[in-house]
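Printed here is coords-v4.pdb (PDB, C-alpha atoms and all ligand atoms):
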MODEL        1
ATOM      1  CA  MET A 548       0.000   0.000   0.000
ATOM      2  CA  ASN A 549       1.442   3.389  -0.982
ATOM      3  CA  PRO A 550       1.816   5.643   2.020
ATOM      4  CA  SER A 551      -0.445   8.642   1.915
ATOM      5  CA  PRO A 552       1.384  11.451   0.066
ATOM      6  CA  SER A 553       0.658  13.691   3.058
ATOM      7  CA  ALA A 554       2.344  11.225   5.444
ATOM      8  CA  PRO A 555       5.399  12.995   6.928
ATOM      9  CA  ALA A 556       8.765  11.622   5.819
ATOM     10  CA  GLU A 557      10.146   9.124   8.315
ATOM     11  CA  ARG A 558      11.892  11.175  10.982
ATOM     12  CA  ARG A 559      15.035   9.718  12.525
ATOM     13  CA  SER A 560      14.927   9.100  16.288
ATOM     14  CA  LEU A 561      17.592  10.458  18.639
ATOM     15  CA  ASN A 562      18.993   6.954  19.107
ATOM     16  CA  SER A 563      19.133   6.302  15.367
ATOM     17  CA  HIS A 564      20.853   9.654  14.761
ATOM     18  CA  LEU A 565      23.429   9.049  17.497
ATOM     19  CA  TYR A 566      24.113   5.565  16.071
ATOM     20  CA  HIS A 567      24.071   6.159  12.291
ATOM     21  CA  VAL A 568      24.961   9.849  11.876
ATOM     22  CA  SER A 569      27.076  10.934  14.838
ATOM     23  CA  LYS A 570      28.429   7.386  15.220
ATOM     24  CA  ALA A 571      28.747   8.042  18.952
ATOM     25  CA  PRO A 572      30.457   5.377  21.111
ATOM     26  CA  ASP A 573      27.756   3.062  22.523
ATOM     27  CA  ASN A 574      28.264   4.185  26.119
ATOM     28  CA  LEU A 575      27.989   7.862  25.155
ATOM     29  CA  ARG A 576      24.892   7.145  23.065
ATOM     30  CA  HIS A 577      23.244   5.321  25.977
ATOM     31  CA  LEU A 578      24.165   8.128  28.405
ATOM     32  CA  ILE A 579      22.646  10.795  26.132
ATOM     33  CA  LEU A 580      19.506   8.633  25.772
ATOM     34  CA  ASP A 581      19.282   8.262  29.573
ATOM     35  CA  ILE A 582      19.583  12.056  29.937
ATOM     36  CA  SER A 583      16.858  12.510  27.297
ATOM     37  CA  ARG A 584      14.594  10.178  29.327
ATOM     38  CA  ALA A 585      15.091  12.355  32.423
ATOM     39  CA  ALA A 586      14.169  15.368  30.272
ATOM     40  CA  LYS A 587      10.878  13.708  29.282
ATOM     41  CA  TYR A 588       9.954  13.334  32.967
ATOM     42  CA  ILE A 589      10.960  16.955  33.633
ATOM     43  CA  SER A 590       8.843  18.105  30.683
ATOM     44  CA  TYR A 591       5.857  16.218  32.163
ATOM     45  CA  ALA A 592       6.576  17.565  35.664
ATOM     46  CA  ILE A 593       6.551  21.156  34.405
ATOM     47  CA  GLN A 594       3.081  20.554  32.948
ATOM     48  CA  THR A 595       1.714  18.848  36.077
ATOM     49  CA  THR A 596       3.596  20.033  39.188
ATOM     50  CA  GLU A 597       2.536  23.173  40.980
ATOM     51  CA  ALA A 598       5.000  26.050  40.653
ATOM     52  CA  GLY A 599       6.413  27.642  43.775
ATOM     53  CA  LEU A 600       9.408  27.890  46.048
ATOM     54  CA  SER A 601      10.772  24.901  47.957
ATOM     55  CA  GLY A 602      11.929  27.002  50.905
ATOM     56  CA  THR A 603      15.579  26.025  50.345
ATOM     57  CA  VAL A 604      18.490  27.841  48.630
ATOM     58  CA  ASN A 605      21.284  26.551  46.372
ATOM     59  CA  MET A 606      25.027  27.184  46.714
ATOM     60  CA  PHE A 607      24.575  30.550  45.005
ATOM     61  CA  GLY A 608      22.108  31.597  47.674
ATOM     62  CA  GLU A 609      19.287  31.474  45.117
ATOM     63  CA  GLN A 610      15.788  30.422  46.184
ATOM     64  CA  GLN A 611      15.071  26.909  44.841
ATOM     65  CA  GLU A 612      11.778  26.159  43.124
ATOM     66  CA  LYS A 613      10.042  22.843  43.871
ATOM     67  CA  LEU A 614      10.730  21.988  40.229
ATOM     68  CA  ASP A 615      14.466  22.682  40.668
ATOM     69  CA  ILE A 616      14.626  19.976  43.339
ATOM     70  CA  LEU A 617      12.458  17.531  41.371
ATOM     71  CA  SER A 618      14.437  18.056  38.133
ATOM     72  CA  ASP A 619      17.727  17.596  39.970
ATOM     73  CA  GLN A 620      16.466  14.338  41.537
ATOM     74  CA  LEU A 621      15.175  12.988  38.213
ATOM     75  CA  ILE A 622      18.486  13.651  36.464
ATOM     76  CA  GLN A 623      20.548  12.201  39.314
ATOM     77  CA  GLU A 624      18.437   9.005  39.287
ATOM     78  CA  HIS A 625      18.950   8.550  35.552
ATOM     79  CA  LEU A 626      22.698   9.224  35.818
ATOM     80  CA  GLN A 627      23.017   6.743  38.692
ATOM     81  CA  GLU A 628      20.962   4.051  36.958
ATOM     82  CA  SER A 629      22.913   4.451  33.720
ATOM     83  CA  ARG A 630      26.018   3.036  35.461
ATOM     84  CA  LEU A 631      27.992   5.232  33.024
ATOM     85  CA  VAL A 632      28.739   8.222  35.269
ATOM     86  CA  ALA A 633      31.863   8.550  37.412
ATOM     87  CA  SER A 634      30.968  11.951  38.859
ATOM     88  CA  PHE A 635      28.717  14.921  38.297
ATOM     89  CA  ALA A 636      28.570  18.632  39.119
ATOM     90  CA  CYS A 637      25.226  20.354  39.319
ATOM     91  CA  GLU A 638      24.043  23.879  40.023
ATOM     92  CA  GLU A 639      22.076  22.617  43.031
ATOM     93  CA  HIS A 640      25.168  21.178  44.832
ATOM     94  CA  ASP A 641      28.380  22.923  45.919
ATOM     95  CA  SER A 642      30.855  20.145  45.069
ATOM     96  CA  VAL A 643      31.542  17.412  42.530
ATOM     97  CA  ILE A 644      29.584  14.265  43.510
ATOM     98  CA  GLU A 645      31.189  10.867  42.849
ATOM     99  CA  LEU A 646      29.085   7.958  41.641
ATOM    100  CA  ASP A 647      31.125   5.079  40.144
ATOM    101  CA  PRO A 648      34.846   6.007  39.817
ATOM    102  CA  LYS A 649      35.355   3.345  37.142
ATOM    103  CA  ALA A 650      32.538   4.614  34.901
ATOM    104  CA  SER A 651      33.253   6.195  31.517
ATOM    105  CA  TYR A 652      31.925   9.752  31.817
ATOM    106  CA  SER A 653      31.336  12.765  34.068
ATOM    107  CA  VAL A 654      28.369  15.074  33.633
ATOM    108  CA  VAL A 655      27.845  18.757  34.450
ATOM    109  CA  PHE A 656      24.288  20.045  34.424
ATOM    110  CA  ASP A 657      21.896  22.823  35.296
ATOM    111  CA  PRO A 658      18.702  20.850  35.924
ATOM    112  CA  LEU A 659      16.223  23.662  35.343
ATOM    113  CA  ASP A 660      17.643  26.959  34.077
ATOM    114  CA  GLY A 661      15.182  29.846  34.354
ATOM    115  CA  SER A 662      12.960  27.934  36.779
ATOM    116  CA  SER A 663      11.815  31.198  38.408
ATOM    117  CA  LEU A 664       9.910  31.807  35.154
ATOM    118  CA  VAL A 665       7.674  28.731  35.537
ATOM    119  CA  ASP A 666       4.886  30.756  37.203
ATOM    120  CA  VAL A 667       4.743  33.133  34.234
ATOM    121  CA  ASN A 668       4.698  30.173  31.823
ATOM    122  CA  PHE A 669       7.866  31.185  29.978
ATOM    123  CA  ALA A 670      10.057  28.559  28.278
ATOM    124  CA  ILE A 671      12.800  27.127  30.557
ATOM    125  CA  GLY A 672      15.490  24.524  30.030
ATOM    126  CA  SER A 673      18.057  21.936  31.169
ATOM    127  CA  ILE A 674      21.736  22.138  30.195
ATOM    128  CA  PHE A 675      24.264  19.253  30.099
ATOM    129  CA  GLY A 676      27.976  18.858  29.372
ATOM    130  CA  ILE A 677      29.677  15.437  29.200
ATOM    131  CA  TYR A 678      33.395  14.779  29.805
ATOM    132  CA  ALA A 679      35.281  11.490  29.448
ATOM    133  CA  GLY A 680      36.651  10.124  32.713
ATOM    134  CA  LYS A 681      36.211  11.107  36.351
ATOM    135  CA  GLU A 682      37.925  14.481  36.671
ATOM    136  CA  LEU A 683      36.104  17.771  36.180
ATOM    137  CA  ILE A 684      38.173  20.408  37.995
ATOM    138  CA  GLY A 685      40.966  21.572  35.669
ATOM    139  CA  ARG A 686      39.172  20.435  32.498
ATOM    140  CA  LYS A 687      38.267  22.883  29.692
ATOM    141  CA  PRO A 688      34.907  22.978  27.861
ATOM    142  CA  SER A 689      36.826  22.106  24.674
ATOM    143  CA  GLU A 690      37.404  18.669  26.262
ATOM    144  CA  GLN A 691      33.679  17.886  26.420
ATOM    145  CA  VAL A 692      32.759  14.835  24.330
ATOM    146  CA  ALA A 693      29.175  16.065  24.082
ATOM    147  CA  ALA A 694      26.896  18.912  25.113
ATOM    148  CA  LEU A 695      23.127  19.137  24.960
ATOM    149  CA  TYR A 696      20.223  21.197  26.168
ATOM    150  CA  VAL A 697      16.470  20.700  26.399
ATOM    151  CA  LEU A 698      14.037  23.596  25.987
ATOM    152  CA  TYR A 699      10.629  23.129  27.658
ATOM    153  CA  GLY A 700       8.369  25.509  25.757
ATOM    154  CA  PRO A 701       5.178  25.076  23.725
ATOM    155  CA  ARG A 702       7.211  22.195  22.256
ATOM    156  CA  THR A 703       9.982  20.256  24.019
ATOM    157  CA  ILE A 704      13.150  20.530  21.941
ATOM    158  CA  LEU A 705      16.489  18.757  22.447
ATOM    159  CA  ILE A 706      19.702  20.007  20.821
ATOM    160  CA  TYR A 707      22.925  17.975  20.983
ATOM    161  CA  SER A 708      26.410  17.762  19.582
ATOM    162  CA  THR A 709      29.068  15.063  19.993
ATOM    163  CA  GLY A 710      31.536  17.092  17.950
ATOM    164  CA  LYS A 711      29.978  16.406  14.538
ATOM    165  CA  GLY A 712      27.578  19.323  14.166
ATOM    166  CA  VAL A 713      24.580  20.543  16.144
ATOM    167  CA  HIS A 714      21.279  18.693  15.688
ATOM    168  CA  GLU A 715      17.713  19.471  16.790
ATOM    169  CA  PHE A 716      14.994  17.051  17.938
ATOM    170  CA  LEU A 717      11.314  17.416  18.870
ATOM    171  CA  LEU A 718       9.613  15.369  21.610
ATOM    172  CA  ASN A 719       6.609  13.874  19.819
ATOM    173  CA  ASP A 720       3.319  12.689  21.277
ATOM    174  CA  VAL A 721       4.551   9.126  21.740
ATOM    175  CA  GLY A 722       7.535  10.256  23.792
ATOM    176  CA  GLU A 723      10.206   9.954  21.082
ATOM    177  CA  PHE A 724      12.709  12.702  20.281
ATOM    178  CA  ILE A 725      12.540  12.877  16.472
ATOM    179  CA  LEU A 726      14.912  14.754  14.182
ATOM    180  CA  LEU A 727      13.802  18.256  13.181
ATOM    181  CA  ARG A 728      16.972  19.836  11.769
ATOM    182  CA  GLU A 729      20.608  18.726  11.320
ATOM    183  CA  ASN A 730      23.824  20.780  11.313
ATOM    184  CA  LEU A 731      22.417  24.024  12.689
ATOM    185  CA  GLY A 732      24.714  26.972  11.817
ATOM    186  CA  ILE A 733      25.255  30.457  13.216
ATOM    187  CA  ALA A 734      25.989  33.208  10.659
ATOM    188  CA  ASP A 735      28.879  35.616  11.311
ATOM    189  CA  THR A 736      26.677  38.712  11.647
ATOM    190  CA  ALA A 737      23.768  39.253  14.043
ATOM    191  CA  LYS A 738      20.362  40.814  13.441
ATOM    192  CA  ASN A 739      18.988  39.967  16.917
ATOM    193  CA  TYR A 740      20.418  40.826  20.334
ATOM    194  CA  SER A 741      19.714  39.377  23.775
ATOM    195  CA  PRO A 742      21.298  41.542  26.501
ATOM    196  CA  GLY A 743      21.294  40.116  30.069
ATOM    197  CA  ASN A 744      22.401  41.647  33.381
ATOM    198  CA  LEU A 745      21.626  45.179  32.222
ATOM    199  CA  ARG A 746      22.365  46.244  35.831
ATOM    200  CA  ALA A 747      26.019  46.264  34.586
ATOM    201  CA  LEU A 748      25.364  49.193  32.198
ATOM    202  CA  GLU A 749      25.715  51.494  35.192
ATOM    203  CA  ASP A 750      29.395  50.751  35.665
ATOM    204  CA  ASN A 751      30.555  49.006  32.493
ATOM    205  CA  PRO A 752      30.992  51.623  29.738
ATOM    206  CA  GLY A 753      31.950  48.993  27.155
ATOM    207  CA  TYR A 754      28.613  47.216  27.703
ATOM    208  CA  LYS A 755      26.789  50.566  27.428
ATOM    209  CA  GLN A 756      28.624  51.199  24.128
ATOM    210  CA  ALA A 757      27.538  47.802  22.785
ATOM    211  CA  LEU A 758      23.900  48.377  23.748
ATOM    212  CA  ASP A 759      23.917  51.874  22.202
ATOM    213  CA  GLN A 760      25.360  50.386  18.993
ATOM    214  CA  TRP A 761      22.619  47.707  18.807
ATOM    215  CA  LEU A 762      19.963  50.381  19.332
ATOM    216  CA  LYS A 763      21.558  52.658  16.724
ATOM    217  CA  GLU A 764      21.742  49.841  14.176
ATOM    218  CA  GLN A 765      18.166  48.892  15.062
ATOM    219  CA  LEU A 766      18.897  45.216  15.778
ATOM    220  CA  THR A 767      15.866  43.258  17.017
ATOM    221  CA  LEU A 768      15.656  42.708  20.774
ATOM    222  CA  ARG A 769      14.871  39.145  21.860
ATOM    223  CA  TYR A 770      15.252  38.533  25.627
ATOM    224  CA  SER A 771      13.187  36.258  27.898
ATOM    225  CA  GLY A 772      15.376  35.959  31.005
ATOM    226  CA  CYS A 773      16.018  32.235  30.421
ATOM    227  CA  LEU A 774      19.504  31.506  29.068
ATOM    228  CA  VAL A 775      18.409  28.276  27.336
ATOM    229  CA  ALA A 776      15.504  29.979  25.537
ATOM    230  CA  ASP A 777      17.524  33.053  24.606
ATOM    231  CA  VAL A 778      20.516  31.134  23.251
ATOM    232  CA  HIS A 779      18.245  28.594  21.513
ATOM    233  CA  HIS A 780      16.803  31.597  19.656
ATOM    234  CA  ILE A 781      20.295  32.111  18.147
ATOM    235  CA  PHE A 782      20.656  28.429  17.122
ATOM    236  CA  SER A 783      17.115  28.358  15.735
ATOM    237  CA  LYS A 784      17.341  31.617  13.761
ATOM    238  CA  GLY A 785      20.955  30.960  12.723
ATOM    239  CA  GLN A 786      22.249  34.306  14.021
ATOM    240  CA  GLY A 787      22.213  36.627  17.036
ATOM    241  CA  ILE A 788      24.199  37.734  20.073
ATOM    242  CA  PHE A 789      23.519  36.948  23.739
ATOM    243  CA  THR A 790      25.387  38.707  26.541
ATOM    244  CA  ASN A 791      25.514  38.462  30.310
ATOM    245  CA  ILE A 792      28.415  40.677  31.351
ATOM    246  CA  GLY A 793      29.857  41.663  34.745
ATOM    247  CA  GLY A 794      29.084  44.809  36.734
ATOM    248  CA  SER A 795      29.170  45.786  40.407
ATOM    249  CA  LYS A 796      26.410  43.364  41.529
ATOM    250  CA  TYR A 797      27.773  40.401  39.564
ATOM    251  CA  PRO A 798      31.471  41.195  38.812
ATOM    252  CA  ARG A 799      31.835  38.071  36.612
ATOM    253  CA  GLY A 800      28.259  38.184  35.296
ATOM    254  CA  LYS A 801      25.422  35.975  36.583
ATOM    255  CA  LEU A 802      26.112  32.795  34.683
ATOM    256  CA  ARG A 803      28.069  29.706  35.782
ATOM    257  CA  HIS A 804      31.058  28.488  33.786
ATOM    258  CA  VAL A 805      30.700  24.765  34.428
ATOM    259  CA  PHE A 806      27.021  24.094  33.737
ATOM    260  CA  GLU A 807      25.927  27.072  31.602
ATOM    261  CA  CYS A 808      28.722  28.822  29.692
ATOM    262  CA  GLY A 809      30.867  25.722  29.019
ATOM    263  CA  PRO A 810      28.219  23.527  27.347
ATOM    264  CA  PHE A 811      26.802  26.430  25.322
ATOM    265  CA  ALA A 812      30.300  27.527  24.228
ATOM    266  CA  TYR A 813      30.957  23.996  22.910
ATOM    267  CA  LEU A 814      27.671  23.990  20.981
ATOM    268  CA  ALA A 815      28.177  27.526  19.598
ATOM    269  CA  GLU A 816      31.646  26.670  18.280
ATOM    270  CA  GLN A 817      30.245  23.461  16.736
ATOM    271  CA  ALA A 818      27.673  25.611  14.899
ATOM    272  CA  GLY A 819      30.295  28.033  13.545
ATOM    273  CA  GLY A 820      29.617  30.705  16.146
ATOM    274  CA  ALA A 821      31.758  31.907  19.064
ATOM    275  CA  ALA A 822      31.594  32.280  22.846
ATOM    276  CA  SER A 823      33.934  34.529  24.851
ATOM    277  CA  ASP A 824      34.253  35.837  28.397
ATOM    278  CA  GLY A 825      35.266  39.182  26.885
ATOM    279  CA  LYS A 826      38.930  38.261  26.608
ATOM    280  CA  LYS A 827      39.245  34.525  25.914
ATOM    281  CA  ALA A 828      37.281  31.798  24.164
ATOM    282  CA  ILE A 829      35.189  30.118  26.869
ATOM    283  CA  ILE A 830      36.016  26.632  25.563
ATOM    284  CA  ASP A 831      39.635  27.302  26.573
ATOM    285  CA  LEU A 832      38.858  28.458  30.139
ATOM    286  CA  PRO A 833      39.748  25.749  32.683
ATOM    287  CA  ILE A 834      37.132  24.804  35.294
ATOM    288  CA  GLU A 835      38.598  26.068  38.582
ATOM    289  CA  ALA A 836      35.584  25.594  40.827
ATOM    290  CA  VAL A 837      32.010  24.338  40.554
ATOM    291  CA  ASP A 838      30.611  27.750  41.543
ATOM    292  CA  GLN A 839      32.821  29.738  39.134
ATOM    293  CA  ARG A 840      30.891  32.486  37.321
ATOM    294  CA  CYS A 841      31.849  33.645  33.840
ATOM    295  CA  PRO A 842      30.849  36.576  31.599
ATOM    296  CA  LEU A 843      29.170  35.241  28.435
ATOM    297  CA  ILE A 844      29.198  36.828  24.981
ATOM    298  CA  ILE A 845      27.889  34.149  22.587
ATOM    299  CA  GLY A 846      26.506  33.882  19.053
ATOM    300  CA  SER A 847      27.485  35.330  15.659
ATOM    301  CA  LYS A 848      31.272  35.320  15.462
ATOM    302  CA  LYS A 849      31.797  38.843  14.076
ATOM    303  CA  GLU A 850      29.395  40.329  16.651
ATOM    304  CA  VAL A 851      31.112  38.487  19.518
ATOM    305  CA  GLU A 852      34.441  39.914  18.325
ATOM    306  CA  ARG A 853      32.983  43.422  18.048
ATOM    307  CA  VAL A 854      31.532  43.330  21.573
ATOM    308  CA  CYS A 855      34.802  42.019  23.008
ATOM    309  CA  LYS A 856      36.655  44.940  21.415
ATOM    310  CA  MET A 857      34.178  47.403  23.015
ATOM    311  CA  LEU A 858      34.674  45.743  26.410
ATOM    312  CA  GLN A 859      38.478  46.141  26.334
TER     313      GLN A 859
HETATM  314  P1  LIG A 901      18.992  38.653  34.432
HETATM  315  C1  LIG A 901      18.165  32.455  35.103
HETATM  316  O1  LIG A 901      18.120  32.605  36.503
HETATM  317  C2  LIG A 901      19.564  32.825  34.657
HETATM  318  O2  LIG A 901      20.511  32.090  35.346
HETATM  319  C3  LIG A 901      19.693  32.610  33.156
HETATM  320  O3  LIG A 901      18.824  31.638  32.689
HETATM  321  C4  LIG A 901      19.354  33.974  32.578
HETATM  322  O4  LIG A 901      19.993  34.231  31.341
HETATM  323  C5  LIG A 901      19.844  34.931  33.665
HETATM  324  O5  LIG A 901      19.777  34.222  34.907
HETATM  325  C6  LIG A 901      18.942  36.144  33.750
HETATM  326  O6  LIG A 901      19.714  37.198  34.244
HETATM  327  O7  LIG A 901      20.134  39.612  34.504
HETATM  328  O8  LIG A 901      18.144  38.890  33.230
HETATM  329  O9  LIG A 901      18.198  38.524  35.679
ENDMDL
END
Would you put the structure from the file into structure tokens?
Ligand code: P6P
Amino acid sequence: MNPSPSAPAERRSLNSHLYHVSKAPDNLRHLILDISRAAKYISYAIQTTEAGLSGTVNMFGEQQEKLDILSDQLIQEHLQESRLVASFACEEHDSVIELDPKASYSVVFDPLDGSSLVDVNFAIGSIFGIYAGKELIGRKPSEQVAALYVLYGPRTILIYSTGKGVHEFLLNDVGEFILLRENLGIADTAKNYSPGNLRALEDNPGYKQALDQWLKEQLTLRYSGCLVADVHHIFSKGQGIFTNIGGSKYPRGKLRHVFECGPFAYLAEQAGGAASDGKKAIIDLPIEAVDQRCPLIIGSKKEVERVCKMLQ
């Protein structure tokens, strides 16, 4: 029987893409699949769990949402049960946690970035970086063997790279991540801008100069307050610049090197873009501590370079 002409072309599953296209080592493929399973539960939890604060704070002194705790627990369970994780570092814990020292990989993750936006129903996300071996402190984001993020919006989207391009998947109604787009690219010049930590304009003249330039050139503002959503906008549109730069309140910016800037820097470079702390490529910045913050200028290469020049 001929398939109906309107039937959508067969869409490759995440597992099939990891196996046939990225040709990922089996253990890495299984670990990414286990992480994607945790993301499915988190996606469901966001739809069904009441929003609200848990009454606890994380190592950064930030109020934790109930969903922060639940997402962290779901991911930890899947990492533990995978038997593939030697250690992990997570935004909700102040040190590297050891699981099985003989296991193949270590994972860094922000379980629910932007969780304070759940009550306003904005898109939020999870961020993951994967390193071979047990050590994390002293490693550079360029040593990641994979990075991925999940965006929980009107649709749940997963983006991953194992070093062979950046690929996008959609969670379908039977719980499968199916391929949407392969080899996402970021053009050298930006038409959109996404400026975070604007508190820094007060005492960072270079940042003020960059913002004035974007306004003068009439770039399009796209900013939601969730890093995953705002940087996904750059991957999805194929251009743009996101910044979260230091000022008096956050001297190194608000974002964390290990679980936010590092994985996104890896993905941006894989897509032909760039990610800098204002002076150096973020993929070359060693991890010194789990709670290390890092300025982030990420997106279209030429725009990243231009902003870094203004910040000098
Ligand atoms: P600002 C969310 O809490 C977060 O860590 C990132 O997701 C986001 O980019 C940033 O903080 C928002 O910072 O300066 O807009 O409050």
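Compared by their closest atoms to ligand LIG 901 (chain A), and using only C-alpha atoms and all ligand atoms, the residues A:Arg769, A:Lys801, A:Lys849, A:Arg840 rank with A:Lys801 nearest.
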Closest of A:Lys687, A:Arg559, A:His714, A:Lys613 to His779 of chain A - atom-to-atom distances counting all atoms listed in the file: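 Closest to His779 of chain A of all the choices is A:His714.
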All residues 12 Å or closer to Leu774 of chain A, all atoms listed in the file, same chain fewer than 2 positions away omitted, as JSON, numbers by chain: {"A": [657, 659, 660, 661, 662, 664, 669, 670, 671, 672, 673, 674, 696, 697, 698, 741, 742, 743, 744, 769, 770, 771, 772, 776, 777, 778, 779, 780, 781, 788, 789, 790, 791, 801, 802, 803, 806, 807, 808, 810, 811, 843, 844, 845]}
Write a file of the selected residues as a CSV table (one decimal), in the frame of the given file, keeping C-alpha atoms.
chain,number,residue,atom,x,y,z
A,657,ASP,CA,21.9,22.8,35.3
A,659,LEU,CA,16.2,23.7,35.3
A,660,ASP,CA,17.6,27.0,34.1
A,661,GLY,CA,15.2,29.8,34.4
A,662,SER,CA,13.0,27.9,36.8
A,664,LEU,CA,9.9,31.8,35.2
A,669,PHE,CA,7.9,31.2,30.0
A,670,ALA,CA,10.1,28.6,28.3
A,671,ILE,CA,12.8,27.1,30.6
A,672,GLY,CA,15.5,24.5,30.0
A,673,SER,CA,18.1,21.9,31.2
A,674,ILE,CA,21.7,22.1,30.2
A,696,TYR,CA,20.2,21.2,26.2
A,697,VAL,CA,16.5,20.7,26.4
A,698,LEU,CA,14.0,23.6,26.0
A,741,SER,CA,19.7,39.4,23.8
A,742,PRO,CA,21.3,41.5,26.5
A,743,GLY,CA,21.3,40.1,30.1
A,744,ASN,CA,22.4,41.6,33.4
A,769,ARG,CA,14.9,39.1,21.9
A,770,TYR,CA,15.3,38.5,25.6
A,771,SER,CA,13.2,36.3,27.9
A,772,GLY,CA,15.4,36.0,31.0
A,776,ALA,CA,15.5,30.0,25.5
A,777,ASP,CA,17.5,33.1,24.6
A,778,VAL,CA,20.5,31.1,23.3
A,779,HIS,CA,18.2,28.6,21.5
A,780,HIS,CA,16.8,31.6,19.7
A,781,ILE,CA,20.3,32.1,18.1
A,788,ILE,CA,24.2,37.7,20.1
A,789,PHE,CA,23.5,36.9,23.7
A,790,THR,CA,25.4,38.7,26.5
A,791,ASN,CA,25.5,38.5,30.3
A,801,LYS,CA,25.4,36.0,36.6
A,802,LEU,CA,26.1,32.8,34.7
A,803,ARG,CA,28.1,29.7,35.8
A,806,PHE,CA,27.0,24.1,33.7
A,807,GLU,CA,25.9,27.1,31.6
A,808,CYS,CA,28.7,28.8,29.7
A,810,PRO,CA,28.2,23.5,27.3
A,811,PHE,CA,26.8,26.4,25.3
A,843,LEU,CA,29.2,35.2,28.4
A,844,ILE,CA,29.2,36.8,25.0
A,845,ILE,CA,27.9,34.1,22.6
Can you pull out the residues contacting Val692 of chain A? Cut-off 6 Å, using all atoms listed in the file, and skip same-chain residues under 2 positions away; I want them as a list in words.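 Those residues are Ile677, Tyr678 and Thr709 of chain A.
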Given all atoms listed in the file as the basis, pick out the residue of A:Cys637, A:Gly800, A:Gly753, A:Leu766 nearest to Gln859 of chain A.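 Of A:Cys637, A:Gly800, A:Gly753, A:Leu766, the one nearest Gln859 of chain A, counting all atoms listed in the file, is A:Gly753.
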Running the PyMOL selection byres (((chain A and resi 822-835) around 9) and not hetatm) on this model by hand, what would come out? Give it as JSON, numbers by chain. {"A": [683, 684, 685, 686, 687, 688, 689, 690, 792, 799, 804, 805, 808, 809, 810, 811, 812, 813, 815, 816, 820, 821, 836, 837, 838, 839, 841, 842, 843, 844, 845, 846, 847, 848, 851, 852, 854, 855, 856, 858, 859]}
List every protein, DNA or RNA residue with an atom no more than 12 Å from (7.1, 19.8, 36.7) in the file's coordinates, counting all atoms listed in the file, and format the result as an MDAnalysis selection string. chainID A and resid 585:599 612:621 658:659 662 665:666 668 671:672 699
When you look at Glu628 of chain A with a cut-off of 12 Å (counting all atoms listed in the file), what residues show up, excluding the ones that are within fewer than 4 positions of it in the same chain? I need them as a list in words. His577, Leu578, Asp581, Ile582, Arg584, Ala585, Leu621, Ile622, Gln623, Glu624, Val632, Ala633, Leu646, Asp647 and Ala650 of chain A
Nearest-residue call for ligand LIG 901 (chain A), choices A:Gly608, A:Gly712, A:Pro752, A:Gly722, using all atoms listed in the file: A:Gly608
Could you please determine the separation between atom CA of Gln786 of chain A and atom CA of Ser563 of chain A in Å, to one decimal place?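 Spanning atom CA of Gln786 of chain A to atom CA of Ser563 of chain A is a straight-line distance of 28.2 Å.
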From the list A:Pro572, A:Pro701, A:Gly819, A:Pro798, the nearest residue to Leu718 of chain A using all atoms listed in the file is A:Pro701
Expanded to explicit residues, what is the PyMOL selection byres (((chain A and resi 569) around 9) and not hetatm) for this file, as a list in words?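 Applying the PyMOL selection byres (((chain A and resi 569) around 9) and not hetatm) to the structure shown produces His564, Leu565, Tyr566, His567, Val568, Lys570, Ala571, Ser708, Thr709, Gly710, Lys711 and Gly712 of chain A.
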Written as a ChimeraX atom specification, which residues does the PyMOL selection byres (((chain A and resi 705) around 7) and not hetatm) give for the file shown? /A:696-698,703-704,706-707,715-717
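Restricting the calculation to all atoms listed in the file, the smallest distance between Ala747 of chain A and any of A:Phe607, A:Phe675, A:Tyr797, A:Phe656 is found for A:Tyr797.
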Using only the atoms of ligand LIG 901 (chain A) listed in the file, plus 3 Å on each side, state the axis-aligned box centre and edge lengths in Å rounded to one decimal, as AutoDock Vina command-line options.
--center_x 19.3 --center_y 35.6 --center_z 33.9 --size_x 8.4 --size_y 14.0 --size_z 11.2
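If you look at atom CA of Leu575 of chain A and atom O4 of ligand LIG 901 (chain A), they are 28.2 Å away from each other.
For the pair atom O5 of ligand LIG 901 (chain A) and atom CA of Val667 of chain A, the interatomic distance is 15.1 Å.
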Tell me which residues come within 7 Å of (35.4, 7.9, 33.3), as a PyMOL selection string, counting all atoms listed in the file in the file's coordinates. chain A and resi 632-633+648-653+679-681
Please list as a ChimeraX atom specification every residue within 7 Å of Met606 of chain A, counting only C-alpha atoms and excluding residues in the same chain fewer than 5 positions away. /A:639-641
